[in-house]
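Q: The file below is input.txt, compact mmCIF, N, CA and C atoms:
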# COMPACT_ATOMS: atom_id res chain seq x y z
N MET A 1 80.14 -64.37 70.32
CA MET A 1 80.54 -64.40 68.92
C MET A 1 80.03 -65.69 68.30
N LYS A 2 79.57 -65.59 67.06
CA LYS A 2 79.10 -66.75 66.31
C LYS A 2 80.22 -67.23 65.39
N CYS A 3 80.09 -68.48 64.97
CA CYS A 3 81.11 -69.06 64.09
C CYS A 3 81.28 -68.25 62.80
N VAL A 4 80.20 -67.77 62.25
CA VAL A 4 80.29 -67.00 61.01
C VAL A 4 81.12 -65.74 61.22
N ASP A 5 81.01 -65.13 62.39
CA ASP A 5 81.83 -63.94 62.70
C ASP A 5 83.29 -64.34 62.86
N ALA A 6 83.53 -65.46 63.53
CA ALA A 6 84.90 -65.93 63.72
C ALA A 6 85.55 -66.25 62.37
N GLU A 7 84.80 -66.90 61.50
CA GLU A 7 85.33 -67.24 60.18
C GLU A 7 85.69 -66.00 59.39
N SER A 8 84.87 -64.97 59.50
CA SER A 8 85.14 -63.75 58.72
C SER A 8 86.34 -62.98 59.25
N GLN A 9 86.73 -63.20 60.51
CA GLN A 9 87.86 -62.49 61.09
C GLN A 9 89.13 -63.34 61.17
N MET A 10 89.04 -64.60 60.78
CA MET A 10 90.16 -65.52 60.98
C MET A 10 91.42 -65.09 60.24
N SER A 11 91.30 -64.64 59.01
CA SER A 11 92.49 -64.23 58.24
C SER A 11 93.18 -63.04 58.89
N GLU A 12 92.39 -62.05 59.29
CA GLU A 12 92.96 -60.88 59.95
C GLU A 12 93.62 -61.27 61.27
N TYR A 13 93.01 -62.21 61.98
CA TYR A 13 93.57 -62.70 63.25
C TYR A 13 94.94 -63.33 63.01
N LEU A 14 95.01 -64.21 62.03
CA LEU A 14 96.27 -64.90 61.76
C LEU A 14 97.34 -63.95 61.24
N ASP A 15 96.93 -62.87 60.62
CA ASP A 15 97.88 -61.86 60.13
C ASP A 15 98.20 -60.81 61.18
N GLY A 16 97.57 -60.91 62.36
CA GLY A 16 97.83 -59.96 63.44
C GLY A 16 97.24 -58.58 63.20
N LEU A 17 96.12 -58.51 62.50
CA LEU A 17 95.55 -57.22 62.12
C LEU A 17 94.31 -56.83 62.93
N LEU A 18 93.88 -57.67 63.87
CA LEU A 18 92.71 -57.35 64.67
C LEU A 18 93.07 -56.40 65.81
N SER A 19 92.09 -55.61 66.23
CA SER A 19 92.29 -54.79 67.42
C SER A 19 92.37 -55.72 68.63
N GLU A 20 92.84 -55.22 69.72
CA GLU A 20 92.99 -56.06 70.92
C GLU A 20 91.65 -56.62 71.36
N SER A 21 90.59 -55.82 71.32
CA SER A 21 89.28 -56.31 71.76
C SER A 21 88.73 -57.38 70.80
N GLU A 22 88.95 -57.20 69.49
CA GLU A 22 88.52 -58.22 68.53
C GLU A 22 89.31 -59.51 68.72
N LYS A 23 90.61 -59.37 68.97
CA LYS A 23 91.47 -60.53 69.18
C LYS A 23 91.01 -61.32 70.41
N VAL A 24 90.73 -60.63 71.51
CA VAL A 24 90.29 -61.29 72.74
C VAL A 24 88.97 -62.01 72.50
N ALA A 25 88.04 -61.36 71.81
CA ALA A 25 86.74 -61.97 71.54
C ALA A 25 86.89 -63.22 70.67
N LEU A 26 87.72 -63.13 69.64
CA LEU A 26 87.92 -64.27 68.76
C LEU A 26 88.62 -65.41 69.48
N GLU A 27 89.63 -65.11 70.26
CA GLU A 27 90.33 -66.14 71.02
C GLU A 27 89.40 -66.83 72.02
N GLY A 28 88.49 -66.05 72.61
CA GLY A 28 87.51 -66.64 73.51
C GLY A 28 86.60 -67.62 72.79
N HIS A 29 86.19 -67.24 71.59
CA HIS A 29 85.34 -68.13 70.80
C HIS A 29 86.11 -69.39 70.38
N ILE A 30 87.34 -69.19 69.90
CA ILE A 30 88.15 -70.33 69.45
C ILE A 30 88.37 -71.33 70.59
N SER A 31 88.56 -70.82 71.79
CA SER A 31 88.81 -71.72 72.92
C SER A 31 87.58 -72.53 73.31
N SER A 32 86.41 -72.09 72.86
CA SER A 32 85.19 -72.81 73.22
C SER A 32 84.53 -73.51 72.04
N CYS A 33 85.09 -73.39 70.85
CA CYS A 33 84.48 -73.97 69.65
C CYS A 33 85.51 -74.81 68.90
N GLU A 34 85.31 -76.11 68.92
CA GLU A 34 86.27 -77.02 68.29
C GLU A 34 86.35 -76.82 66.78
N ASP A 35 85.22 -76.52 66.14
CA ASP A 35 85.23 -76.31 64.69
C ASP A 35 86.08 -75.10 64.31
N CYS A 36 85.94 -74.02 65.05
CA CYS A 36 86.73 -72.82 64.76
C CYS A 36 88.19 -73.00 65.13
N LEU A 37 88.46 -73.78 66.16
CA LEU A 37 89.84 -74.11 66.51
C LEU A 37 90.49 -74.89 65.37
N ASP A 38 89.76 -75.89 64.84
CA ASP A 38 90.27 -76.66 63.70
C ASP A 38 90.50 -75.76 62.49
N LEU A 39 89.57 -74.83 62.26
CA LEU A 39 89.73 -73.89 61.14
C LEU A 39 90.98 -73.05 61.31
N SER A 40 91.21 -72.54 62.51
CA SER A 40 92.39 -71.70 62.73
C SER A 40 93.67 -72.49 62.53
N HIS A 41 93.69 -73.74 62.98
CA HIS A 41 94.88 -74.57 62.77
C HIS A 41 95.10 -74.87 61.29
N SER A 42 94.01 -75.16 60.58
CA SER A 42 94.13 -75.45 59.15
C SER A 42 94.62 -74.24 58.37
N MET A 43 94.06 -73.08 58.68
CA MET A 43 94.48 -71.86 57.99
C MET A 43 95.93 -71.51 58.32
N ALA A 44 96.33 -71.70 59.56
CA ALA A 44 97.71 -71.43 59.95
C ALA A 44 98.67 -72.37 59.21
N SER A 45 98.26 -73.61 59.02
CA SER A 45 99.10 -74.58 58.29
C SER A 45 99.27 -74.14 56.84
N VAL A 46 98.20 -73.67 56.22
CA VAL A 46 98.28 -73.21 54.83
C VAL A 46 99.21 -72.00 54.74
N LEU A 47 99.11 -71.08 55.69
CA LEU A 47 99.99 -69.91 55.68
C LEU A 47 101.45 -70.31 55.85
N GLU A 48 101.71 -71.26 56.74
CA GLU A 48 103.09 -71.75 56.93
C GLU A 48 103.61 -72.39 55.65
N TRP A 49 102.77 -73.18 55.01
CA TRP A 49 103.17 -73.82 53.76
C TRP A 49 103.50 -72.77 52.71
N GLY A 50 102.66 -71.74 52.62
CA GLY A 50 102.90 -70.68 51.65
C GLY A 50 104.19 -69.93 51.91
N ASP A 51 104.52 -69.73 53.19
CA ASP A 51 105.76 -69.05 53.53
C ASP A 51 106.98 -69.86 53.14
N GLN A 52 106.86 -71.17 53.11
CA GLN A 52 107.98 -72.04 52.79
C GLN A 52 108.10 -72.33 51.30
N PHE A 53 107.08 -71.97 50.54
CA PHE A 53 107.09 -72.24 49.11
C PHE A 53 108.13 -71.35 48.44
N PRO A 54 108.95 -71.92 47.59
CA PRO A 54 110.01 -71.12 46.96
C PRO A 54 109.44 -70.09 45.99
N GLU A 55 110.13 -68.97 45.89
CA GLU A 55 109.77 -67.94 44.92
C GLU A 55 110.65 -68.10 43.69
N PHE A 56 110.01 -68.08 42.54
CA PHE A 56 110.74 -68.23 41.29
C PHE A 56 110.71 -66.90 40.54
N THR A 57 111.80 -66.58 39.89
CA THR A 57 111.87 -65.39 39.07
C THR A 57 111.40 -65.76 37.67
N PRO A 58 110.36 -65.11 37.19
CA PRO A 58 109.87 -65.45 35.84
C PRO A 58 110.84 -64.95 34.78
N PRO A 59 110.84 -65.60 33.64
CA PRO A 59 111.68 -65.11 32.55
C PRO A 59 111.21 -63.73 32.10
N ALA A 60 112.12 -62.94 31.59
CA ALA A 60 111.82 -61.55 31.21
C ALA A 60 110.73 -61.46 30.14
N TRP A 61 110.61 -62.45 29.28
CA TRP A 61 109.66 -62.41 28.18
C TRP A 61 108.24 -62.78 28.62
N LEU A 62 108.04 -63.28 29.82
CA LEU A 62 106.74 -63.82 30.22
C LEU A 62 105.64 -62.75 30.25
N VAL A 63 105.90 -61.59 30.80
CA VAL A 63 104.88 -60.55 30.88
C VAL A 63 104.44 -60.13 29.47
N THR A 64 105.37 -59.95 28.58
CA THR A 64 105.06 -59.56 27.20
C THR A 64 104.22 -60.63 26.53
N ARG A 65 104.53 -61.88 26.74
CA ARG A 65 103.78 -62.97 26.13
C ARG A 65 102.36 -63.02 26.70
N ILE A 66 102.21 -62.86 27.99
CA ILE A 66 100.87 -62.90 28.60
C ILE A 66 100.02 -61.75 28.05
N LEU A 67 100.60 -60.55 27.99
CA LEU A 67 99.86 -59.41 27.48
C LEU A 67 99.49 -59.59 26.01
N ALA A 68 100.38 -60.18 25.26
CA ALA A 68 100.11 -60.39 23.82
C ALA A 68 99.00 -61.41 23.61
N ASN A 69 98.86 -62.35 24.54
CA ASN A 69 97.85 -63.41 24.39
C ASN A 69 96.52 -63.10 25.07
N THR A 70 96.40 -61.92 25.65
CA THR A 70 95.12 -61.58 26.30
C THR A 70 94.41 -60.47 25.58
Just give me the structure as C-alpha cells.
A:
Amino acid sequence: MKCVDAESQMSEYLDGLLSESEKVALEGHISSCEDCLDLSHSMASVLEWGDQFPEFTPPAWLVTRILANT
C-alpha cells in the first residue's frame, strides 16, 4: 500500500467502515510508515475534539433568516 492509498482510506478506517482485508492492509502500512501513523493520530484527535464539542440549539428564527438572505 502507498501513502496516497492510506490517506484516502484513513477516514473510513477511523469510522470503522473498512472491510477486514482493507483494515488489515491499512494497519500494516500504518505500522511501517511514521507519516501515516502521525496522520492517523492527528485525525483521531480531531474526531475526539469534535465529539466533545457542545451542540447548540439554534434559535427558531435562524433558518428563516438564512433563507431570506440567500
Q: Residues within 8 Å of region 28-33 of chain A, please, as number ranges by chain. Count only N, CA and C atoms; anything in the same chain fewer than 6 positions from it doesn't count.
A: A: 1-3, 6, 22, 39-40
Q: Please report the interatomic distance between CA of Leu47 (chain A) and atom N of Met10 (chain A) in Å with one decimal.
A: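 CA of Leu47 (chain A) sits 13.2 Å away from atom N of Met10 (chain A).
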Q: Kindly give the distance, in Å, that separates CA of Glu55 (chain A) and CA of Leu18 (chain A), rounded to a single decimal.
A: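 So the answer is 28.2 Å.
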Q: Please indicate the distance in Å from CA of Asp5 (chain A) to CA of Ala25 (chain A), rounded to one decimal place.
A: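 One can read the CA of Asp5 (chain A) to CA of Ala25 (chain A) distance as 10.3 Å.
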Q: Nearest residue to Cys36 (chain A) out of A:Trp61, A:Lys23, A:Phe56, A:Glu7, using only N, CA and C atoms?
A: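 The closest residue to Cys36 (chain A) is A:Glu7.
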